[in-house]
$ cat upload-v7.txt   # compact mmCIF, C-alpha atoms
# COMPACT_ATOMS: atom_id res chain seq x y z
CA MET A 1 -18.73 -26.09 5.66
CA SER A 2 -20.77 -23.37 7.38
CA ALA A 3 -20.33 -19.81 6.14
CA THR A 4 -18.70 -17.48 8.64
CA LEU A 5 -19.20 -14.58 6.22
CA GLU A 6 -21.65 -14.35 3.33
CA VAL A 7 -21.66 -11.31 1.05
CA LYS A 8 -24.35 -10.89 -1.60
CA GLY A 9 -24.88 -8.06 -4.08
CA LEU A 10 -22.62 -5.67 -2.17
CA ARG A 11 -22.43 -2.20 -3.70
CA THR A 12 -20.30 0.52 -2.09
CA HIS A 13 -20.33 3.81 -3.98
CA PHE A 14 -18.64 7.15 -3.40
CA LEU A 15 -21.10 9.89 -4.35
CA THR A 16 -18.99 12.81 -5.56
CA ARG A 17 -19.84 16.00 -7.44
CA ALA A 18 -18.36 14.43 -10.57
CA GLY A 19 -20.60 11.38 -10.24
CA ALA A 20 -20.80 8.03 -8.49
CA VAL A 21 -17.58 6.07 -8.09
CA LYS A 22 -18.71 2.44 -8.05
CA ALA A 23 -15.80 1.11 -6.01
CA VAL A 24 -17.64 -2.13 -5.21
CA ASP A 25 -20.40 -2.99 -7.64
CA GLY A 26 -22.32 -6.19 -7.01
CA VAL A 27 -19.85 -8.44 -5.21
CA ASP A 28 -20.82 -11.96 -4.06
CA PHE A 29 -18.69 -14.38 -2.06
CA SER A 30 -18.65 -16.43 1.11
CA VAL A 31 -15.91 -17.58 3.47
CA GLY A 32 -16.35 -20.72 5.53
CA LYS A 33 -15.04 -21.64 8.93
CA GLY A 34 -11.32 -22.37 8.77
CA GLU A 35 -11.11 -21.25 5.14
CA ILE A 36 -8.73 -18.73 3.57
CA MET A 37 -10.00 -16.79 0.56
CA GLY A 38 -7.59 -14.77 -1.55
CA LEU A 39 -9.05 -11.53 -2.94
CA VAL A 40 -6.78 -10.60 -5.83
CA GLY A 41 -6.55 -7.70 -8.26
CA GLU A 42 -4.67 -4.59 -9.35
CA SER A 43 -4.57 -1.44 -7.23
CA GLY A 44 -7.91 0.35 -7.50
CA SER A 45 -9.92 -2.78 -8.23
CA GLY A 46 -11.99 -2.42 -5.04
CA LYS A 47 -10.35 -5.07 -2.84
CA SER A 48 -9.66 -2.90 0.21
CA ILE A 49 -13.02 -1.11 -0.03
CA THR A 50 -14.68 -4.52 0.08
CA GLY A 51 -12.85 -5.26 3.34
CA PHE A 52 -13.65 -1.84 4.80
CA SER A 53 -17.32 -2.28 3.87
CA ILE A 54 -17.55 -5.50 5.88
CA LEU A 55 -16.34 -3.68 8.99
CA GLY A 56 -18.37 -0.52 8.35
CA LEU A 57 -15.26 1.62 7.90
CA ILE A 58 -16.47 3.58 4.86
CA ASP A 59 -16.30 7.34 5.38
CA PRO A 60 -18.48 9.88 3.54
CA PRO A 61 -19.03 10.43 0.67
CA GLY A 62 -18.81 6.65 0.46
CA ARG A 63 -21.60 4.40 1.64
CA ILE A 64 -23.06 0.95 1.11
CA ILE A 65 -25.83 1.46 -1.44
CA GLU A 66 -27.25 -2.04 -1.26
CA GLY A 67 -26.36 -5.64 -0.55
CA SER A 68 -26.17 -8.11 2.28
CA ILE A 69 -23.27 -8.87 4.63
CA LYS A 70 -24.06 -11.74 6.98
CA PHE A 71 -21.58 -12.61 9.71
CA ASN A 72 -22.35 -15.91 11.45
CA GLY A 73 -25.89 -15.57 10.09
CA THR A 74 -26.44 -12.02 11.39
CA GLU A 75 -26.90 -9.11 8.98
CA ILE A 76 -24.26 -6.41 9.61
CA ALA A 77 -24.54 -4.29 6.46
CA ASN A 78 -25.30 -0.73 7.63
CA ALA A 79 -25.45 -1.95 11.25
CA SER A 80 -25.24 0.61 14.05
CA GLU A 81 -21.84 1.88 15.10
CA SER A 82 -22.24 0.41 18.59
CA SER A 83 -22.96 -3.03 17.13
CA LEU A 84 -19.94 -2.86 14.85
CA GLN A 85 -17.65 -1.73 17.68
CA LYS A 86 -18.45 -4.95 19.53
CA LEU A 87 -17.30 -6.93 16.49
CA ARG A 88 -14.21 -4.97 15.44
CA GLY A 89 -11.01 -6.31 16.94
CA ASN A 90 -13.01 -9.00 18.72
CA ARG A 91 -15.00 -11.31 16.41
CA ILE A 92 -13.74 -9.64 13.22
CA ALA A 93 -10.17 -8.34 13.06
CA MET A 94 -8.43 -6.42 10.31
CA ILE A 95 -4.75 -6.19 9.48
CA PHE A 96 -4.06 -2.97 7.62
CA GLN A 97 -1.36 -2.54 5.00
CA ASP A 98 0.07 0.41 6.94
CA PRO A 99 0.78 -0.66 10.55
CA MET A 100 0.48 2.94 11.75
CA MET A 101 -3.26 2.69 11.00
CA THR A 102 -3.31 0.18 13.85
CA LEU A 103 -0.70 1.56 16.27
CA ASN A 104 -0.90 4.77 18.30
CA PRO A 105 2.53 6.47 18.09
CA VAL A 106 2.35 7.92 21.63
CA LEU A 107 1.47 4.71 23.51
CA ARG A 108 3.69 1.75 24.38
CA ILE A 109 3.04 -1.53 22.58
CA ASP A 110 1.92 -3.31 25.75
CA THR A 111 -0.59 -0.56 26.56
CA GLN A 112 -2.18 -0.87 23.13
CA LEU A 113 -2.31 -4.65 22.99
CA ILE A 114 -3.62 -5.04 26.54
CA GLU A 115 -6.36 -2.50 25.79
CA ALA A 116 -7.32 -4.50 22.69
CA ILE A 117 -8.02 -7.46 25.00
CA THR A 118 -9.65 -5.72 27.97
CA ALA A 119 -11.96 -3.69 25.71
CA HIS A 120 -13.79 -6.92 24.89
CA GLU A 121 -13.02 -9.29 27.73
CA PRO A 122 -12.82 -8.89 31.55
CA VAL A 123 -9.37 -10.34 32.26
CA ASP A 124 -6.72 -9.26 34.75
CA HIS A 125 -3.67 -7.28 33.66
CA GLN A 126 -1.17 -10.14 34.05
CA THR A 127 -3.24 -12.58 31.99
CA ALA A 128 -3.68 -9.97 29.26
CA TRP A 129 0.06 -9.19 29.28
CA GLU A 130 0.96 -12.88 28.89
CA ARG A 131 -1.42 -13.20 25.94
CA CYS A 132 0.22 -10.18 24.33
CA ARG A 133 3.70 -11.64 24.86
CA ASP A 134 2.63 -14.97 23.34
CA ALA A 135 1.04 -13.19 20.35
CA LEU A 136 4.27 -11.35 19.59
CA GLY A 137 6.19 -14.60 19.76
CA LEU A 138 3.67 -16.19 17.40
CA VAL A 139 4.57 -13.75 14.62
CA GLY A 140 8.31 -14.17 15.08
CA ILE A 141 9.22 -11.11 17.16
CA PRO A 142 12.38 -11.79 19.18
CA SER A 143 12.51 -10.79 22.88
CA PRO A 144 8.75 -10.10 23.04
CA GLU A 145 8.92 -8.87 26.65
CA GLU A 146 11.29 -6.10 25.60
CA ARG A 147 9.24 -5.19 22.51
CA LEU A 148 6.13 -4.82 24.65
CA ARG A 149 7.83 -1.98 26.52
CA ALA A 150 8.78 -0.16 23.29
CA TYR A 151 6.99 2.64 21.44
CA PRO A 152 6.08 2.17 17.74
CA HIS A 153 8.80 4.59 16.58
CA GLN A 154 11.43 2.41 18.24
CA LEU A 155 10.56 -0.52 15.96
CA SER A 156 11.36 -1.03 12.29
CA GLY A 157 8.58 -0.92 9.71
CA GLY A 158 8.56 -4.68 9.39
CA MET A 159 8.48 -5.11 13.17
CA ARG A 160 5.54 -2.70 13.45
CA GLN A 161 3.67 -4.72 10.85
CA ARG A 162 4.24 -7.90 12.82
CA VAL A 163 2.84 -6.18 15.92
CA ALA A 164 -0.24 -5.22 13.90
CA ILE A 165 -0.65 -8.83 12.78
CA ALA A 166 -0.27 -10.05 16.37
CA THR A 167 -2.97 -7.58 17.45
CA ALA A 168 -5.41 -9.20 15.04
CA PHE A 169 -4.73 -12.64 16.55
CA LEU A 170 -5.20 -11.54 20.19
CA ASN A 171 -8.90 -12.25 20.69
CA LYS A 172 -9.10 -15.37 18.51
CA PRO A 173 -11.58 -13.82 16.07
CA ASP A 174 -13.95 -15.74 13.81
CA LEU A 175 -12.81 -13.71 10.79
CA ILE A 176 -9.60 -11.87 9.91
CA ILE A 177 -9.44 -9.48 6.97
CA ALA A 178 -5.79 -9.10 5.98
CA ASP A 179 -5.16 -6.14 3.64
CA GLU A 180 -1.75 -6.92 2.06
CA PRO A 181 -0.24 -7.53 5.53
CA THR A 182 3.16 -8.83 4.38
CA THR A 183 4.03 -6.02 1.96
CA ALA A 184 6.60 -4.47 4.32
CA LEU A 185 8.20 -7.76 5.34
CA ASP A 186 11.18 -9.59 3.89
CA VAL A 187 10.66 -12.91 2.14
CA THR A 188 11.68 -15.05 5.14
CA ILE A 189 9.31 -13.33 7.58
CA GLN A 190 6.59 -13.24 4.92
CA ALA A 191 6.78 -17.03 4.62
CA GLN A 192 6.66 -17.34 8.41
CA ILE A 193 3.55 -15.15 8.69
CA ILE A 194 1.81 -17.07 5.93
CA HIS A 195 2.65 -20.34 7.68
CA GLU A 196 1.29 -19.04 10.99
CA ALA A 197 -1.87 -17.77 9.28
CA GLN A 198 -2.52 -21.24 7.90
CA ASN A 199 -1.90 -22.81 11.30
CA LEU A 200 -4.29 -20.33 12.93
CA THR A 201 -7.15 -21.23 10.61
CA ARG A 202 -6.56 -24.95 11.12
CA ARG A 203 -6.34 -24.73 14.93
CA THR A 204 -9.16 -22.30 15.65
CA GLY A 205 -11.43 -22.46 12.61
CA THR A 206 -10.84 -18.77 11.93
CA ALA A 207 -11.93 -17.66 8.47
CA MET A 208 -9.60 -15.31 6.61
CA ILE A 209 -9.80 -12.96 3.63
CA TRP A 210 -6.29 -12.28 2.32
CA ILE A 211 -6.30 -9.17 0.11
CA THR A 212 -3.34 -8.93 -2.23
CA HIS A 213 -2.12 -8.19 -5.74
CA ASP A 214 0.45 -10.98 -5.46
CA LEU A 215 -0.85 -14.24 -6.89
CA ALA A 216 2.33 -15.99 -5.79
CA VAL A 217 1.32 -15.40 -2.15
CA VAL A 218 -2.23 -16.71 -2.38
CA ALA A 219 -1.17 -19.67 -4.54
CA GLY A 220 0.44 -21.25 -1.49
CA LEU A 221 -1.95 -19.84 1.10
CA ALA A 222 -5.58 -19.66 -0.02
CA ASP A 223 -8.16 -22.38 -0.41
CA ARG A 224 -10.12 -20.30 -2.91
CA ILE A 225 -9.36 -17.21 -5.00
CA SER A 226 -11.64 -14.38 -6.06
CA VAL A 227 -10.22 -12.21 -8.85
CA MET A 228 -11.51 -8.62 -8.76
CA TYR A 229 -11.51 -6.01 -11.51
CA ALA A 230 -13.21 -2.58 -11.62
CA GLY A 231 -15.31 -3.25 -8.53
CA ARG A 232 -16.51 -6.69 -9.55
CA ILE A 233 -15.40 -10.28 -9.05
CA VAL A 234 -14.69 -11.62 -12.54
CA GLU A 235 -13.56 -15.13 -11.61
CA GLN A 236 -13.90 -17.21 -8.47
CA GLY A 237 -12.98 -20.78 -7.72
CA GLY A 238 -10.57 -23.20 -6.09
CA THR A 239 -6.95 -22.08 -5.92
CA ASP A 240 -5.53 -25.00 -7.88
CA ASP A 241 -8.15 -24.60 -10.62
CA ILE A 242 -7.51 -20.88 -11.06
CA ILE A 243 -3.72 -21.12 -10.91
CA ASP A 244 -3.51 -24.13 -13.26
CA ARG A 245 -6.42 -23.31 -15.58
CA PRO A 246 -7.33 -19.61 -15.51
CA LEU A 247 -10.44 -18.81 -17.55
CA HIS A 248 -10.92 -15.05 -17.44
CA PRO A 249 -8.47 -13.15 -19.69
CA TYR A 250 -7.68 -10.82 -16.79
CA THR A 251 -6.70 -13.76 -14.56
CA VAL A 252 -4.57 -15.12 -17.40
CA GLY A 253 -2.82 -11.74 -17.66
CA LEU A 254 -2.16 -11.53 -13.93
CA LEU A 255 -0.62 -14.99 -13.89
CA GLY A 256 1.41 -14.28 -17.01
CA SER A 257 2.89 -11.20 -15.31
CA VAL A 258 4.37 -13.27 -12.46
CA PRO A 259 8.10 -14.00 -12.92
CA SER A 260 8.75 -17.70 -13.45
CA ALA A 261 11.83 -19.91 -13.63
CA ASN A 262 10.26 -21.45 -16.73
CA LYS A 263 10.54 -18.15 -18.60
CA ARG A 264 14.16 -17.32 -17.95
CA GLY A 265 15.41 -14.81 -20.53
CA GLN A 266 11.90 -14.09 -21.82
CA ARG A 267 10.13 -10.75 -21.54
CA LEU A 268 7.33 -10.78 -18.96
CA PHE A 269 3.79 -10.65 -20.27
CA GLN A 270 2.11 -7.28 -19.74
CA ILE A 271 -1.60 -6.47 -19.68
CA GLU A 272 -2.02 -3.61 -22.12
CA GLY A 273 -3.55 -0.31 -21.09
CA MET A 274 -4.53 1.00 -17.67
CA ALA A 275 -7.23 0.19 -15.16
CA PRO A 276 -10.40 2.09 -16.10
CA ASN A 277 -11.55 5.40 -14.65
CA MET A 278 -14.16 4.34 -12.09
CA LEU A 279 -16.14 7.51 -12.86
CA ALA A 280 -16.40 6.60 -16.55
CA LEU A 281 -16.45 2.83 -16.95
CA PRO A 282 -16.70 1.58 -20.54
CA GLN A 283 -19.97 0.16 -21.82
CA GLY A 284 -20.32 -3.57 -21.42
CA CYS A 285 -17.37 -5.53 -20.02
CA ALA A 286 -15.04 -3.21 -18.10
CA PHE A 287 -12.01 -5.26 -19.16
CA ALA A 288 -12.86 -5.19 -22.89
CA PRO A 289 -10.51 -2.27 -23.81
CA ARG A 290 -7.53 -4.28 -22.49
CA CYS A 291 -8.67 -7.78 -23.47
CA GLN A 292 -7.05 -9.94 -26.14
CA ASN A 293 -10.24 -12.02 -26.51
CA VAL A 294 -12.63 -9.11 -27.09
CA THR A 295 -15.53 -9.59 -29.53
CA ASP A 296 -18.70 -7.68 -30.41
CA ALA A 297 -20.51 -9.48 -27.59
CA CYS A 298 -18.31 -7.67 -25.07
CA ALA A 299 -20.23 -4.44 -25.75
CA MET A 300 -22.84 -5.97 -23.44
CA GLU A 301 -22.33 -6.48 -19.73
CA PRO A 302 -21.50 -10.13 -18.94
CA SER A 303 -23.44 -11.88 -16.20
CA VAL A 304 -22.00 -14.30 -13.69
CA GLU A 305 -22.25 -17.90 -14.86
CA ASP A 306 -21.01 -21.24 -13.62
CA HIS A 307 -18.16 -22.52 -15.79
CA ASP A 308 -16.26 -25.70 -15.01
CA GLY A 309 -17.20 -25.51 -11.34
CA ARG A 310 -16.32 -21.86 -10.81
CA SER A 311 -18.13 -18.55 -11.24
CA LEU A 312 -17.05 -16.50 -14.24
CA ARG A 313 -18.01 -13.11 -15.68
CA CYS A 314 -16.86 -13.37 -19.29
CA PHE A 315 -18.22 -14.01 -22.81
CA ASN A 316 -14.95 -15.42 -24.18
CA PRO A 317 -13.11 -17.51 -21.57
CA HIS A 318 -9.49 -18.43 -22.11
CA SER A 319 -9.22 -21.86 -23.71
CA GLY A 320 -5.45 -22.35 -23.76
CA GLY A 321 -5.47 -24.75 -20.83
CA GLY A 322 -3.15 -22.59 -18.69
CA ARG A 323 -1.45 -19.25 -18.26
CA VAL A 324 0.07 -17.26 -21.12

$ encode --input "upload-v7.txt" --output "structure tokens"
Amino acid sequence: MSATLEVKGLRTHFLTRAGAVKAVDGVDFSVGKGEIMGLVGESGSGKSITGFSILGLIDPPGRIIEGSIKFNGTEIANASESSLQKLRGNRIAMIFQDPMMTLNPVLRIDTQLIEAITAHEPVDHQTAWERCRDALGLVGIPSPEERLRAYPHQLSGGMRQRVAIATAFLNKPDLIIADEPTTALDVTIQAQIIHEAQNLTRRTGTAMIWITHDLAVVAGLADRISVMYAGRIVEQGGTDDIIDRPLHPYTVGLLGSVPSANKRGQRLFQIEGMAPNMLALPQGCAFAPRCQNVTDACAMEPSVEDHDGRSLRCFNPHSGGGRV
């Protein structure tokens, strides 16, 4: 499977007066054609900044310090703004968590979607309009012709999010970065969007990075999962392997925190403590202060090693054969 996106050694830091915030600190992963990768972790773990870095959407004082981002074999890390503009919304699309980061409140929906097409492709107005109508129908919006004539404020929050998702599908991109796109949607529509996302990757070969804190979502969606903590990927492997046999104690904790029918009447597991201050990370393993498997070795920084066919950054992997 050829790699649509290959990220190696990516470091995105925010250089503040108080010091360097290492939001992304040495991240490696690849996403193949037609593959969905789930990027999972708590809020503040660096998931969204990783996505923004790929598209060159990091504002000062943040910047990519080092690393490689290859899209279809071409290096785009720190590429020129004009080069990135040709990719954004065309070959690489992003679905933001807040739909109002995508939609202009003073323009009709049809105006915005048609412009998203004509900015990259010389097509007539009618053809562009029909593509917009079909895209809205794809994400389950009823009466798409009527919705195209509406302004964003005339739609519900969930409806606006579906428009944002449809916008990402318009130009049949090679890669879609979805930053928690179903957060504002009810369970039924969420399932529909996930189903359509899977169909899209199968039909067109589009690669997708699905950023979320919800392991239940990626369990039924992603082909592979990358678990991120304190700016680093701590475990990466096939979805079934990680869900059924988590190795990193952080992954075990995340899975144990998911409500399950098998634990009816039992208190949910809780990872102790808080995510670390990114300005003052602990020495050695960043997860050590919260880890139940911590030993003296954890005072050193763990390297990435292959373990049972997946990459793992841990001295003391979980050996219980499943979640807590």

$ closest_residue --input "upload-v7.txt" --among "A:Thr16, A:Ser83, A:Gln192, A:Asn171" --to "Gly137 of chain A" --atoms "all atoms listed in the file"
A:Gln192

$ atom_distance --input "upload-v7.txt" --atom1 "atom CA of Leu268 of chain A" --atom2 "atom CA of Arg245 of chain A"
18.9 Å

$ atom_distance --input "upload-v7.txt" --atom1 "atom CA of Gly62 of chain A" --atom2 "atom CA of Ile209 of chain A"
21.8 Å

$ closest_residue --input "upload-v7.txt" --among "A:Thr212, A:Asn90, A:Gln236, A:Ser311" --to "Ile176 of chain A" --atoms "only C-alpha atoms"
A:Asn90

$ closest_residue --input "upload-v7.txt" --among "A:Asp306, A:Asp110, A:Glu146, A:Asp223" --to "Trp129 of chain A" --atoms "only C-alpha atoms"
A:Asp110

$ residues_around --input "upload-v7.txt" --residues "Gly9 of chain A" --least-positions-apart "6" --cutoff "7 Å" --atoms "all atoms listed in the file" --output "JSON, numbers by chain"
{"A": [26, 27, 28, 67, 68]}

$ closest_residue --input "upload-v7.txt" --among "A:Ala191, A:Ala128, A:Ile109, A:Ala20" --to "Pro144 of chain A" --atoms "all atoms listed in the file"
A:Ile109

$ axis_aligned_box --input "upload-v7.txt" --around "segment 87-91 of chain A" --padding-each-side "6 Å" --output "AutoDock Vina command-line options"
--center_x -14.2 --center_y -8.1 --center_z 17.1 --size_x 18.3 --size_y 18.3 --size_z 15.3

$ atom_distance --input "upload-v7.txt" --atom1 "atom CA of Thr201 of chain A" --atom2 "atom CA of Pro99 of chain A"
22.0 Å

$ build_atoms --input "upload-v7.txt" --residues "segment 203-230 of chain A" --atoms "N, CA and C atoms" --output "mmCIF file, in the coordinates of the input"
data_model
loop_
_atom_site.group_PDB
_atom_site.id
_atom_site.type_symbol
_atom_site.label_atom_id
_atom_site.label_comp_id
_atom_site.auth_asym_id
_atom_site.auth_seq_id
_atom_site.Cartn_x
_atom_site.Cartn_y
_atom_site.Cartn_z
ATOM 1 N N ARG A 203 -6.170 -24.495 13.486
ATOM 2 C CA ARG A 203 -6.340 -24.730 14.930
ATOM 3 C C ARG A 203 -7.641 -24.184 15.463
ATOM 4 N N THR A 204 -8.033 -23.005 15.034
ATOM 5 C CA THR A 204 -9.160 -22.300 15.650
ATOM 6 C C THR A 204 -10.396 -22.229 14.776
ATOM 7 N N GLY A 205 -10.285 -22.592 13.497
ATOM 8 C CA GLY A 205 -11.430 -22.460 12.610
ATOM 9 C C GLY A 205 -11.683 -21.032 12.173
ATOM 10 N N THR A 206 -10.700 -20.164 12.351
ATOM 11 C CA THR A 206 -10.840 -18.770 11.930
ATOM 12 C C THR A 206 -10.904 -18.693 10.404
ATOM 13 N N ALA A 207 -11.853 -17.930 9.908
ATOM 14 C CA ALA A 207 -11.930 -17.660 8.470
ATOM 15 C C ALA A 207 -11.054 -16.455 8.156
ATOM 16 N N MET A 208 -10.497 -16.408 6.950
ATOM 17 C CA MET A 208 -9.600 -15.310 6.610
ATOM 18 C C MET A 208 -9.808 -14.876 5.169
ATOM 19 N N ILE A 209 -9.828 -13.552 4.973
ATOM 20 C CA ILE A 209 -9.800 -12.960 3.630
ATOM 21 C C ILE A 209 -8.441 -12.306 3.480
ATOM 22 N N TRP A 210 -7.650 -12.793 2.531
ATOM 23 C CA TRP A 210 -6.290 -12.280 2.320
ATOM 24 C C TRP A 210 -6.308 -11.420 1.046
ATOM 25 N N ILE A 211 -6.243 -10.114 1.227
ATOM 26 C CA ILE A 211 -6.300 -9.170 0.110
ATOM 27 C C ILE A 211 -4.886 -8.921 -0.402
ATOM 28 N N THR A 212 -4.681 -9.097 -1.687
ATOM 29 C CA THR A 212 -3.340 -8.930 -2.230
ATOM 30 C C THR A 212 -3.391 -8.739 -3.738
ATOM 31 N N HIS A 213 -2.300 -8.220 -4.281
ATOM 32 C CA HIS A 213 -2.120 -8.190 -5.740
ATOM 33 C C HIS A 213 -1.152 -9.285 -6.173
ATOM 34 N N ASP A 214 -0.609 -10.006 -5.207
ATOM 35 C CA ASP A 214 0.450 -10.980 -5.460
ATOM 36 C C ASP A 214 -0.126 -12.390 -5.527
ATOM 37 N N LEU A 215 -0.311 -12.896 -6.726
ATOM 38 C CA LEU A 215 -0.850 -14.240 -6.890
ATOM 39 C C LEU A 215 0.080 -15.311 -6.349
ATOM 40 N N ALA A 216 1.381 -15.028 -6.319
ATOM 41 C CA ALA A 216 2.330 -15.990 -5.790
ATOM 42 C C ALA A 216 2.079 -16.257 -4.308
ATOM 43 N N VAL A 217 1.614 -15.238 -3.573
ATOM 44 C CA VAL A 217 1.320 -15.400 -2.150
ATOM 45 C C VAL A 217 0.106 -16.287 -1.950
ATOM 46 N N VAL A 218 -0.991 -15.957 -2.618
ATOM 47 C CA VAL A 218 -2.230 -16.710 -2.380
ATOM 48 C C VAL A 218 -2.165 -18.118 -2.967
ATOM 49 N N ALA A 219 -1.283 -18.332 -3.946
ATOM 50 C CA ALA A 219 -1.170 -19.670 -4.540
ATOM 51 C C ALA A 219 -0.792 -20.707 -3.497
ATOM 52 N N GLY A 220 0.033 -20.320 -2.521
ATOM 53 C CA GLY A 220 0.440 -21.250 -1.490
ATOM 54 C C GLY A 220 -0.273 -21.058 -0.170
ATOM 55 N N LEU A 221 -1.287 -20.178 -0.154
ATOM 56 C CA LEU A 221 -1.950 -19.840 1.100
ATOM 57 C C LEU A 221 -3.441 -20.125 1.064
ATOM 58 N N ALA A 222 -4.117 -19.676 0.005
ATOM 59 C CA ALA A 222 -5.580 -19.660 -0.020
ATOM 60 C C ALA A 222 -6.180 -20.988 -0.455
ATOM 61 N N ASP A 223 -7.383 -21.232 0.044
ATOM 62 C CA ASP A 223 -8.160 -22.380 -0.410
ATOM 63 C C ASP A 223 -8.934 -22.030 -1.680
ATOM 64 N N ARG A 224 -9.404 -20.787 -1.737
ATOM 65 C CA ARG A 224 -10.120 -20.300 -2.910
ATOM 66 C C ARG A 224 -9.608 -18.906 -3.260
ATOM 67 N N ILE A 225 -9.798 -18.527 -4.526
ATOM 68 C CA ILE A 225 -9.360 -17.210 -5.000
ATOM 69 C C ILE A 225 -10.528 -16.512 -5.679
ATOM 70 N N SER A 226 -10.696 -15.242 -5.361
ATOM 71 C CA SER A 226 -11.640 -14.380 -6.060
ATOM 72 C C SER A 226 -10.843 -13.284 -6.738
ATOM 73 N N VAL A 227 -10.959 -13.196 -8.060
ATOM 74 C CA VAL A 227 -10.220 -12.210 -8.850
ATOM 75 C C VAL A 227 -11.136 -11.018 -9.090
ATOM 76 N N MET A 228 -10.667 -9.818 -8.719
ATOM 77 C CA MET A 228 -11.510 -8.620 -8.760
ATOM 78 C C MET A 228 -10.965 -7.619 -9.761
ATOM 79 N N TYR A 229 -11.885 -7.024 -10.531
ATOM 80 C CA TYR A 229 -11.510 -6.010 -11.510
ATOM 81 C C TYR A 229 -12.630 -4.978 -11.596
ATOM 82 N N ALA A 230 -12.262 -3.690 -11.479
ATOM 83 C CA ALA A 230 -13.210 -2.580 -11.620
ATOM 84 C C ALA A 230 -14.444 -2.760 -10.741
#
